[in-house]
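**Q** Sharing data-v3.tsv below, TSV, C-alpha atoms and all ligand atoms:
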```tsv
chain	number	residue	atom	x	y	z
Q	1	MET	CA	-8.76	-15.89	-2.99
Q	2	ARG	CA	-12.05	-15.16	-4.71
Q	3	ARG	CA	-13.82	-17.53	-2.33
Q	4	PHE	CA	-12.20	-15.72	0.53
Q	5	ILE	CA	-13.37	-12.31	-0.68
Q	6	ASN	CA	-16.85	-13.67	-1.09
Q	7	LYS	CA	-16.74	-14.87	2.46
Q	8	VAL	CA	-15.69	-11.47	3.72
Q	9	PHE	CA	-18.16	-9.40	1.79
Q	10	LYS	CA	-20.88	-12.04	1.61
Q	11	ASP	CA	-21.59	-11.36	-2.01
Q	12	SER	CA	-20.45	-13.19	-5.05
Q	13	SER	CA	-20.70	-10.46	-7.67
Q	14	ARG	CA	-17.43	-8.80	-8.58
Q	15	GLU	CA	-19.06	-5.38	-8.83
Q	16	THR	CA	-20.13	-5.54	-5.24
Q	17	ILE	CA	-16.68	-6.59	-4.09
Q	18	ILE	CA	-15.11	-3.67	-5.87
Q	19	GLY	CA	-17.82	-1.23	-4.94
Q	20	ALA	CA	-17.89	-2.13	-1.24
Q	21	PRO	CA	-16.96	-1.36	1.35
Q	22	SER	CA	-16.88	2.18	0.12
Q	23	PHE	CA	-14.35	4.38	1.78
Q	24	PRO	CA	-16.24	6.36	4.40
Q	25	LEU	CA	-14.94	9.81	3.64
Q	26	GLN	CA	-17.68	11.59	5.48
Q	27	MET	CA	-16.00	10.33	8.65
Q	28	SER	CA	-13.72	12.47	10.72
Q	29	TYR	CA	-9.98	12.18	10.75
Q	30	SER	CA	-10.06	10.58	14.19
Q	31	ASP	CA	-12.56	7.92	13.05
Q	32	LEU	CA	-10.37	7.03	10.12
Q	33	ASP	CA	-7.29	7.12	12.26
Q	34	TYR	CA	-8.99	4.70	14.63
Q	35	MET	CA	-10.07	2.39	11.79
Q	36	THR	CA	-6.52	2.43	10.46
Q	37	LYS	CA	-5.11	1.36	13.80
Q	38	ARG	CA	-7.79	-1.26	14.26
Q	39	GLY	CA	-7.15	-2.64	10.77
Q	40	PHE	CA	-3.41	-2.57	11.34
Q	41	LEU	CA	-3.80	-4.52	14.55
Q	42	ALA	CA	-6.27	-6.99	13.03
Q	43	ARG	CA	-3.80	-7.59	10.24
Q	44	LYS	CA	-1.08	-8.34	12.79
Q	45	LEU	CA	-3.38	-10.81	14.55
Q	46	GLY	CA	-4.12	-12.40	11.18
Q	47	GLN	CA	-0.39	-12.74	10.54
Q	48	TYR	CA	0.12	-14.40	13.89
Q	49	ILE	CA	-2.52	-17.01	13.20
Q	50	GLY	CA	-0.85	-17.73	9.86
Q	51	LEU	CA	-3.09	-16.00	7.32
Q	52	HIS	CA	-1.63	-15.23	3.91
Q	53	SER	CA	-0.71	-11.59	3.20
Q	54	ASP	CA	-3.59	-11.27	0.68
Q	55	GLU	CA	-5.96	-12.33	3.42
Q	56	THR	CA	-4.54	-9.96	5.99
Q	57	ALA	CA	-4.73	-7.08	3.47
Q	58	ILE	CA	-8.45	-7.74	3.12
Q	59	LEU	CA	-8.74	-7.82	6.87
Q	60	PHE	CA	-7.27	-4.35	7.01
Q	61	TYR	CA	-9.63	-3.15	4.32
Q	62	LEU	CA	-12.62	-4.64	6.12
Q	63	SER	CA	-11.85	-2.47	9.13
Q	64	PHE	CA	-13.07	0.52	7.11
Q	65	SER	CA	-16.46	-0.98	6.39
Q	66	ARG	CA	-17.93	0.20	9.68
Q	67	LEU	CA	-17.07	2.05	12.83
Q	68	SER	CA	-17.87	-0.66	15.36
Q	69	PHE	CA	-17.55	-4.43	15.24
Q	70	ALA	CA	-19.00	-4.90	18.71
Q	71	ASP	CA	-22.10	-6.62	17.31
Q	72	SER	CA	-20.18	-8.60	14.75
Q	73	ASP	CA	-20.61	-12.27	13.97
Q	74	LYS	CA	-18.13	-14.01	16.28
Q	75	GLU	CA	-18.22	-17.08	14.05
Q	76	ASN	CA	-16.76	-15.05	11.21
Q	77	GLN	CA	-13.00	-15.15	11.70
Q	78	ASN	CA	-12.32	-11.83	10.00
Q	79	GLU	CA	-14.93	-9.91	11.87
Q	80	TYR	CA	-13.80	-11.53	15.09
Q	81	LEU	CA	-10.19	-10.46	14.55
Q	82	ILE	CA	-11.30	-6.88	14.01
Q	83	TYR	CA	-13.52	-7.09	17.05
Q	84	LEU	CA	-10.55	-8.26	19.16
Q	85	SER	CA	-8.44	-5.38	17.87
Q	86	GLU	CA	-11.24	-2.98	18.69
Q	87	GLN	CA	-11.35	-4.35	22.21
Q	88	MET	CA	-7.63	-3.82	22.73
Q	89	LEU	CA	-7.80	-0.24	21.48
Q	90	LYS	CA	-10.74	0.41	23.79
Q	91	TRP	CA	-8.79	-0.78	26.83
Q	92	ASN	CA	-5.91	1.38	25.75
Q	93	LYS	CA	-8.07	4.46	25.53
Q	94	LEU	CA	-9.47	3.76	29.00
Q	95	GLU	CA	-5.89	3.31	30.23
Q	96	GLU	CA	-6.64	-0.21	31.43
Q	97	ASN	CA	-3.94	-2.77	32.07
Q	98	ILE	CA	-4.13	-4.50	28.67
Q	99	PRO	CA	-2.22	-7.74	29.46
Q	100	ALA	CA	-4.38	-8.22	32.57
Q	101	GLU	CA	-7.54	-7.64	30.52
Q	102	ILE	CA	-6.38	-10.16	27.93
Q	103	LYS	CA	-5.71	-12.76	30.61
Q	104	ASN	CA	-9.21	-12.21	31.99
Q	105	MET	CA	-10.84	-12.91	28.65
Q	106	ASP	CA	-12.91	-16.02	28.18
Q	107	VAL	CA	-11.07	-17.12	25.05
Q	108	SER	CA	-8.64	-19.92	24.12
Q	109	PRO	CA	-5.00	-19.64	25.24
Q	110	ASP	CA	-4.02	-19.41	21.55
Q	111	ILE	CA	-6.06	-16.25	21.11
Q	112	GLN	CA	-4.73	-14.85	24.37
Q	113	ASN	CA	-1.18	-15.47	23.17
Q	114	ILE	CA	-1.59	-13.65	19.87
Q	115	LEU	CA	-3.20	-10.70	21.65
Q	116	LEU	CA	-0.38	-10.57	24.18
Q	117	LYS	CA	2.17	-10.81	21.38
Q	118	ALA	CA	0.54	-7.94	19.47
Q	119	TYR	CA	0.52	-5.86	22.63
Q	120	GLU	CA	4.19	-6.60	23.35
Q	121	MET	CA	5.15	-5.67	19.79
Q	122	HIS	CA	3.27	-2.39	19.80
Q	123	LYS	CA	3.20	-1.15	23.35
Q	124	THR	CA	5.65	1.63	22.57
Q	125	ASP	CA	3.91	2.90	19.44
Q	126	LEU	CA	0.32	1.88	18.83
Q	127	PHE	CA	-0.56	1.45	22.49
Q	128	ALA	CA	1.45	4.40	23.80
Q	129	LEU	CA	-0.82	7.21	24.92
Q	130	SER	CA	1.64	9.78	23.64
Q	131	TYR	CA	0.93	8.40	20.15
Q	132	GLU	CA	-2.68	9.51	20.47
Q	133	LYS	CA	-1.50	12.96	21.48
Q	134	SER	CA	0.94	13.28	18.59
Q	135	VAL	CA	-1.83	12.39	16.16
Q	136	GLN	CA	-3.98	15.08	17.72
Q	137	GLU	CA	-1.21	17.66	17.49
Q	138	ASN	CA	-0.41	16.82	13.89
Q	139	LYS	CA	-4.02	17.38	13.11
Q	140	VAL	CA	-3.80	21.01	14.15
Q	141	ASN	CA	-1.38	21.68	11.29
Q	142	VAL	CA	-3.67	20.26	8.68
Q	143	SER	CA	-5.18	23.26	7.05
Q	144	SER	CA	-7.45	22.54	4.13
Q	145	GLN	CA	-9.89	19.68	3.80
Q	146	MET	CA	-8.11	18.39	0.75
Q	147	ASP	CA	-4.88	18.13	2.69
Q	148	GLU	CA	-6.66	16.29	5.42
Q	149	LYS	CA	-8.20	13.81	3.01
Q	150	TRP	CA	-4.86	13.33	1.31
Q	151	LEU	CA	-3.12	12.74	4.64
Q	152	ILE	CA	-5.69	10.14	5.62
Q	153	TYR	CA	-5.19	8.25	2.41
Q	154	ARG	CA	-1.45	8.50	2.74
Q	155	ASP	CA	-1.48	7.12	6.31
Q	156	VAL	CA	-4.01	4.42	5.56
Q	157	ILE	CA	-2.30	3.12	2.46
Q	158	TYR	CA	1.12	3.33	4.03
Q	159	ALA	CA	0.01	1.25	7.02
Q	160	ALA	CA	-2.00	-1.16	4.89
Q	161	THR	CA	0.90	-1.88	2.58
Q	162	GLN	CA	3.29	-2.35	5.49
Q	163	GLU	CA	5.13	0.84	4.63
Q	164	LYS	CA	5.65	-0.08	1.02
Q	165	PHE	CA	3.42	2.38	-0.80
Q	166	LEU	CA	3.69	6.03	0.08
Q	167	LEU	CA	1.87	9.01	-1.36
Q	168	ILE	CA	4.28	11.90	-1.61
Q	169	SER	CA	4.20	15.60	-2.42
Q	170	LYS	CA	5.81	17.18	-5.49
Q	171	GLU	CA	8.76	18.39	-3.40
Q	172	GLU	CA	9.27	14.94	-1.95
Q	173	ALA	CA	9.12	13.43	-5.44
Q	174	ASP	CA	11.88	15.79	-6.57
Q	175	SER	CA	14.12	14.69	-3.73
Q	176	TYR	CA	14.15	11.17	-5.22
Q	177	ARG	CA	15.76	12.47	-8.41
Q	178	LYS	CA	19.16	12.75	-6.73
Q	179	GLY	CA	21.72	10.34	-8.12
Q	180	ILE	CA	23.16	9.35	-11.47
Q	181	VAL	CA	20.70	9.18	-14.35
Q	182	PHE	CA	21.79	6.15	-16.38
Q	183	CYS	CA	18.89	5.89	-18.78
Q	184	GLU	CA	16.08	8.08	-20.07
Q	185	GLY	CA	13.25	7.57	-22.51
Q	186	THR	CA	10.03	9.18	-23.67
Q	187	ILE	CA	6.73	7.37	-23.92
Q	188	LYS	CA	4.33	8.83	-26.44
Q	189	ALA	CA	2.95	5.88	-28.34
Q	190	ARG	CA	2.45	2.20	-27.74
Q	191	SER	CA	5.48	1.51	-29.93
Q	192	ASP	CA	7.64	3.36	-27.38
Q	193	ILE	CA	7.04	0.60	-24.85
Q	194	PRO	CA	9.44	-1.91	-26.46
Q	195	VAL	CA	11.82	0.91	-27.37
Q	196	CYS	CA	12.04	2.07	-23.74
Q	197	ARG	CA	12.27	-1.48	-22.57
Q	198	ASN	CA	15.26	-2.15	-24.81
Q	199	LEU	CA	16.93	1.11	-23.82
Q	200	ALA	CA	16.48	0.17	-20.15
Q	201	LYS	CA	17.73	-3.36	-20.78
Q	202	ALA	CA	20.95	-2.14	-22.39
Q	203	SER	CA	21.56	0.35	-19.56
Q	204	LEU	CA	20.78	-2.14	-16.80
Q	205	GLU	CA	23.20	-4.63	-18.31
Q	206	LEU	CA	25.99	-2.14	-17.72
Q	207	GLN	CA	25.09	-1.89	-14.04
Q	208	ASN	CA	26.60	-5.08	-12.63
Q	209	LEU	CA	23.23	-6.68	-11.90
Q	210	GLY	CA	22.22	-10.31	-12.12
Q	211	THR	CA	20.43	-11.51	-15.25
Q	212	SER	CA	17.31	-12.59	-13.40
Q	213	SER	CA	17.23	-9.26	-11.56
Q	214	ILE	CA	17.34	-7.43	-14.86
Q	215	MET	CA	14.46	-9.51	-16.18
Q	216	SER	CA	12.37	-8.72	-13.11
Q	217	LEU	CA	13.27	-5.04	-13.21
Q	218	LEU	CA	12.22	-4.86	-16.86
Q	219	LEU	CA	8.94	-6.55	-16.10
Q	220	VAL	CA	8.10	-3.99	-13.42
Q	221	LEU	CA	9.23	-1.12	-15.62
Q	222	SER	CA	7.04	-2.39	-18.47
Q	223	GLU	CA	3.99	-2.30	-16.22
Q	224	ALA	CA	4.65	1.29	-15.22
Q	225	ILE	CA	5.31	2.41	-18.81
Q	226	THR	CA	2.29	0.56	-20.11
Q	227	ASN	CA	0.15	2.35	-17.55
Q	228	THR	CA	1.38	5.66	-18.94
Q	229	ILE	CA	0.02	4.79	-22.37
Q	230	LYS	CA	-3.10	3.15	-21.02
Q	231	HIS	CA	-4.14	5.61	-18.37
Q	232	ALA	CA	-2.27	8.82	-19.14
Q	233	GLU	CA	-1.31	9.18	-22.83
Q	234	GLU	CA	2.30	10.29	-22.57
Q	235	GLY	CA	5.21	10.51	-20.22
Q	236	LYS	CA	8.84	9.69	-19.63
Q	237	MET	CA	11.03	7.28	-17.75
Q	238	THR	CA	14.24	8.01	-15.88
Q	239	LEU	CA	16.46	5.35	-14.37
Q	240	ILE	CA	18.60	6.50	-11.49
Q	241	LYS	CA	21.46	4.98	-9.60
Q	242	ASP	CA	21.82	6.30	-6.07
Q	243	GLU	CA	25.07	4.86	-4.71
Q	244	LYS	CA	24.72	6.73	-1.44
Q	245	ASN	CA	21.46	4.99	-0.57
Q	246	HIS	CA	22.37	1.77	-2.42
Q	247	GLU	CA	19.26	2.17	-4.49
Q	248	ILE	CA	18.15	1.94	-8.08
Q	249	ARG	CA	15.07	4.02	-8.83
Q	250	PHE	CA	12.74	4.04	-11.79
Q	251	ILE	CA	10.87	7.29	-12.19
Q	252	VAL	CA	7.94	7.13	-14.57
Q	253	GLU	CA	6.09	10.40	-14.90
Q	254	ASP	CA	3.20	11.44	-17.06
Q	255	ASN	CA	0.93	14.40	-17.67
Q	256	GLY	CA	-2.26	12.39	-17.48
Q	257	PRO	CA	-5.35	12.89	-15.33
Q	258	GLY	CA	-3.78	11.49	-12.15
Q	259	PHE	CA	-4.95	8.70	-9.88
Q	260	SER	CA	-8.28	8.89	-8.18
Q	261	LEU	CA	-7.57	9.15	-4.45
Q	262	GLU	CA	-10.72	7.18	-3.68
Q	263	ASP	CA	-9.56	4.29	-5.85
Q	264	LEU	CA	-6.04	4.15	-4.47
Q	265	PRO	CA	-6.67	1.69	-1.63
Q	266	ARG	CA	-8.16	-0.69	-4.16
Q	267	THR	CA	-5.43	-0.01	-6.72
Q	268	THR	CA	-2.76	-0.81	-4.19
Q	269	LEU	CA	-4.44	-3.46	-2.05
Q	270	LEU	CA	-6.65	-5.50	-4.31
Q	271	ALA	CA	-5.14	-7.65	-7.02
Q	272	GLY	CA	-7.29	-7.55	-10.13
Q	273	PHE	CA	-8.61	-4.04	-9.59
Q	274	SER	CA	-8.73	-1.82	-12.65
Q	275	THR	CA	-10.69	1.28	-13.58
Q	276	LYS	CA	-10.50	0.10	-17.20
Q	277	GLN	CA	-11.50	-3.21	-18.72
Q	278	SER	CA	-8.14	-4.58	-17.84
Q	279	LEU	CA	-6.36	-7.21	-15.76
Q	280	GLY	CA	-5.39	-4.88	-12.94
Q	281	GLN	CA	-2.22	-6.82	-12.17
Q	282	GLY	CA	0.26	-4.00	-12.81
Q	283	PHE	CA	0.29	-2.67	-9.29
Q	284	THR	CA	0.23	-6.11	-7.75
Q	285	LEU	CA	3.40	-6.90	-9.66
Q	286	MET	CA	5.04	-3.56	-8.88
Q	287	MET	CA	4.21	-4.01	-5.21
Q	288	LYS	CA	5.64	-7.51	-5.14
Q	289	MET	CA	8.87	-6.74	-6.91
Q	290	SER	CA	9.97	-3.32	-5.77
Q	291	LYS	CA	11.30	-2.26	-2.41
Q	292	ARG	CA	8.98	0.73	-2.25
Q	293	ILE	CA	6.55	2.61	-4.44
Q	294	LEU	CA	6.25	6.36	-4.08
Q	295	LEU	CA	3.51	8.21	-5.87
Q	296	TYR	CA	2.97	11.87	-6.48
Q	297	THR	CA	-0.30	12.42	-8.25
Q	298	SER	CA	-2.37	15.44	-9.21
Q	299	SER	CA	-4.90	16.33	-11.87
Q	300	LYS	CA	-1.98	17.47	-14.04
Q	301	GLY	CA	-0.11	14.20	-13.92
Q	302	SER	CA	1.55	11.52	-11.87
Q	303	THR	CA	5.07	10.54	-10.91
Q	304	ILE	CA	5.58	7.00	-9.83
Q	305	ILE	CA	8.89	6.08	-8.28
Q	306	LEU	CA	9.86	2.45	-7.88
Q	307	THR	CA	12.85	1.72	-5.68
Q	308	PHE	CA	15.07	-1.33	-5.62
Q	309	ASP	CA	17.89	-2.39	-3.39
Q	310	MET	CA	21.12	-2.27	-5.36
Q	311	ASN	CA	23.03	-4.84	-3.33
Q	312	LYS	CA	20.24	-7.39	-3.32
Q	313	ASN	CA	20.17	-7.29	-7.11
Q	314	LYS	CA	23.89	-7.68	-7.69
Q	315	GLY	CA	24.32	-10.85	-9.66
Q	316	GLY	CA	21.43	-12.46	-7.78
Q	317	GLU	CA	17.70	-12.60	-7.47
Q	318	LEU	CA	15.60	-9.50	-7.21
Q	319	ASN	CA	14.56	-9.23	-3.64
Q	320	ALA	CA	11.40	-7.39	-2.84
Q	321	THR	CA	11.83	-7.33	0.92
Q	322	GLY	CA	14.54	-4.69	0.63
M	401	LIG	N1	-0.26	6.58	-14.82
M	401	LIG	C1	-1.49	6.48	-14.31
M	401	LIG	N2	-2.30	7.56	-14.23
M	401	LIG	C2	-3.56	7.47	-13.70
M	401	LIG	N3	-4.10	6.34	-13.22
M	401	LIG	C3	-3.35	5.22	-13.27
M	401	LIG	C4	-2.01	5.22	-13.81
M	401	LIG	N4	-1.51	3.97	-13.69
M	401	LIG	C5	-2.47	3.22	-13.13
M	401	LIG	N5	-3.58	3.95	-12.87
M	401	LIG	C6	-4.82	3.49	-12.21
M	401	LIG	O1	-4.53	2.34	-11.40
M	401	LIG	C7	-5.34	1.24	-11.80
M	401	LIG	C8	-4.58	-0.06	-11.59
M	401	LIG	O2	-3.46	-0.13	-12.42
M	401	LIG	P1	-2.89	-1.57	-12.82
M	401	LIG	O3	-2.74	-2.38	-11.58
M	401	LIG	O4	-1.68	-1.41	-13.68
M	401	LIG	O5	-4.09	-2.20	-13.65
M	401	LIG	P2	-4.57	-1.93	-15.17
M	401	LIG	O6	-3.49	-1.16	-15.87
M	401	LIG	O7	-4.72	-3.31	-15.72
M	401	LIG	O8	-5.86	-1.17	-15.08
M	401	LIG	C9	-5.71	1.53	-13.24
M	401	LIG	O9	-6.90	0.88	-13.62
M	401	LIG	C10	-5.86	3.06	-13.24
M	401	LIG	O10	-7.11	3.45	-12.73
M	402	MG	MG	-1.48	-1.65	-15.78
```
Could you quickly redo this structure as structure tokens?

**A**
Amino acid sequence: MRRFINKVFKDSSRETIIGAPSFPLQMSYSDLDYMTKRGFLARKLGQYIGLHSDETAILFYLSFSRLSFADSDKENQNEYLIYLSEQMLKWNKLEENIPAEIKNMDVSPDIQNILLKAYEMHKTDLFALSYEKSVQENKVNVSSQMDEKWLIYRDVIYAATQEKFLLISKEEADSYRKGIVFCEGTIKARSDIPVCRNLAKASLELQNLGTSSIMSLLLVLSEAITNTIKHAEEGKMTLIKDEKNHEIRFIVEDNGPGFSLEDLPRTTLLAGFSTKQSLGQGFTLMMKMSKRILLYTSSKGSTIILTFDMNKNKGGELNATG
């Protein structure tokens, strides 16, 4: 993985990997929207040629390093995949016949096939011209710059994590509190971590879940609670059973300084990223093991909501795919 990152960013120092590419916030919404789509598409192409999900995540991230990949190094697989995605989006904008353009390309049949497949999969959303319009219209409603920036991050991270990580508003966060609260605990000191863990364990054992599921759930919960102590001082946990949606939810909220929006793509996409001298594996684990992660964050605190499929955890393995 490290070798792969080095290859992408052509630098072996960890600082440079983490520092670059920096998120180009001076760009307009439409530029970022375009880079999101291009990265999304490149990631699909990466999937079709059999790249690992860590590798395709980096591919997505790389799409934000610059606006055009037209002059990119065609020998570099990652850059080439982004370039191909760029090409497809260009044809779409010009209302060209995309399959015909693909067939005219001087590339191997394998490449043609993955491009055609990506087009087939996304002709009704990504390649639909009405999609462009709806993005434009939505933009009109975005009032302040902060909202706009927040919306960009929300869209980008949501797409990059294949709809697993969603930034939400306070109101949205409250809507996830519906259901039966089956365990609660406060987190004020490091010693509260094992206390909360044991409380959660006892409550989960009453919920007709498999032993290995409970172990996994506790592991994920521990990461979230530990983050409260490490990055936010104090908070509380609430475990909810939502029969209607067949979901178990862990809500861990704190009154800490909140997440830095600029760091969020790295927090969620890059394993090993931490703003402290720390392992930075908490989010990687939470992302792997939960169905979805919802995050409300502000300078007054954060609420992180981890969701799990109830049925998939009944007496069996914890299943992240939901
Ligand atoms: N409750 C929180 N409040 C504010 N920032 C947080 C919180 N939890 C995590 N973070 C941020 O997300 C980063 C990644 O978290 P994580 O993956 O658990 O790694 P680590 O805890 O080892 O730093 C942290 O370094 C921190 O910047
Ligand atoms: Mg952590």

**Q** Taking only C-alpha atoms and all ligand atoms into account, report as a VMD selection string which residues have an atom no farther than 12 Å from an atom of ligand MG 402 (chain M).

**A** chain Q and resid 219 to 232 267 to 268 271 to 286

**Q** What does the distance between atom CA of Asp254 of chain Q and atom CA of Glu234 of chain Q come to in Å, to one decimal place?

**A**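 Spanning atom CA of Asp254 of chain Q to atom CA of Glu234 of chain Q is a straight-line distance of 5.7 Å.
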
**Q** How far is it from atom O7 of ligand LIG 401 (chain M) to atom CA of Ser260 of chain Q, in Å with one decimal?

**A**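 About the pair atom O7 of ligand LIG 401 (chain M) and atom CA of Ser260 of chain Q: they are 14.8 Å apart.
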
**Q** Could you build a table of the residues in segment 149-193 of chain Q lying no more than 10 Å from segment 298-306 of chain Q, giving for each the nearest pair of atoms and their separation in Å rounded to one decimal place, using all atoms listed in the file, ordered by chain and ascending residue number, as a tab-separated table?

**A**
```
residue	atom	partner	partner_atom	distance
Q:Phe165	CA	Q:Leu306	CA	9.6
Q:Leu166	CA	Q:Ile305	CA	9.8
Q:Leu167	CA	Q:Ile304	CA	9.5
Q:Ile168	CA	Q:Thr303	CA	9.4
Q:Ser169	CA	Q:Ser298	CA	9.4
Q:Lys170	CA	Q:Thr303	CA	8.6
Q:Ala173	CA	Q:Thr303	CA	7.4
Q:Asp174	CA	Q:Thr303	CA	9.6
Q:Tyr176	CA	Q:Ile305	CA	7.9
Q:Arg177	CA	Q:Ile305	CA	9.4
```

**Q** So what do you get for atom CA of Arg197 of chain Q versus atom CA of Leu269 of chain Q, distance-wise?

**A**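 Computed distance, atom CA of Arg197 of chain Q to atom CA of Leu269 of chain Q, equals 26.5 Å.
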
**Q** Need the axis-aligned box for segment 86-97 of chain Q with 6 Å each side, so what are the centre and edges in Å to one decimal, as AutoDock Vina command-line options?

**A**
```
--center_x -7.6 --center_y 0.1 --center_z 25.4 --size_x 19.4 --size_y 20.8 --size_z 25.4
```

**Q** Calculated over only C-alpha atoms, which of the candidates Q:Ala42, Q:Val252, Q:Lys123, Q:Asp147 has the smallest distance to Leu294 of chain Q?

**A** Q:Val252

**Q** Compare Q:Glu253, Q:Glu95, Q:Glu184, Q:Asp309 by their minimum atom-to-atom distance to ligand LIG 401 (chain M), counting all atoms listed in the file, and give me the closest one.

**A** Q:Glu253

**Q** Which residue gives the smallest distance to ligand LIG 401 (chain M) among Q:Asn97, Q:Asn313, Q:Ser290, Q:Asn255, with all atoms listed in the file counted?

**A**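 Among Q:Asn97, Q:Asn313, Q:Ser290, Q:Asn255, it is Q:Asn255 that comes nearest to ligand LIG 401 (chain M).
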
**Q** For each of Q:Ser175, Q:Ile152, Q:Val181, Q:Ile102, take the minimum atom-to-atom distance to Glu262 of chain Q, counting only C-alpha atoms, then give the residue where this is smallest.

**A**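 Checking each of Q:Ser175, Q:Ile152, Q:Val181, Q:Ile102 against Glu262 of chain Q, counting only C-alpha atoms, the winner is Q:Ile152.
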
**Q** Please list as a VMD selection string every residue within 6 Å of Lys241 of chain Q, counting all atoms listed in the file and excluding residues in the same chain fewer than 6 positions away.

**A** chain Q and resid 179 to 180 248

**Q** Using all atoms listed in the file for the distances, tell me which of Q:Asn76, Q:Lys312, Q:Glu233, Q:Thr238 is nearest to ligand LIG 401 (chain M).

**A** Q:Glu233
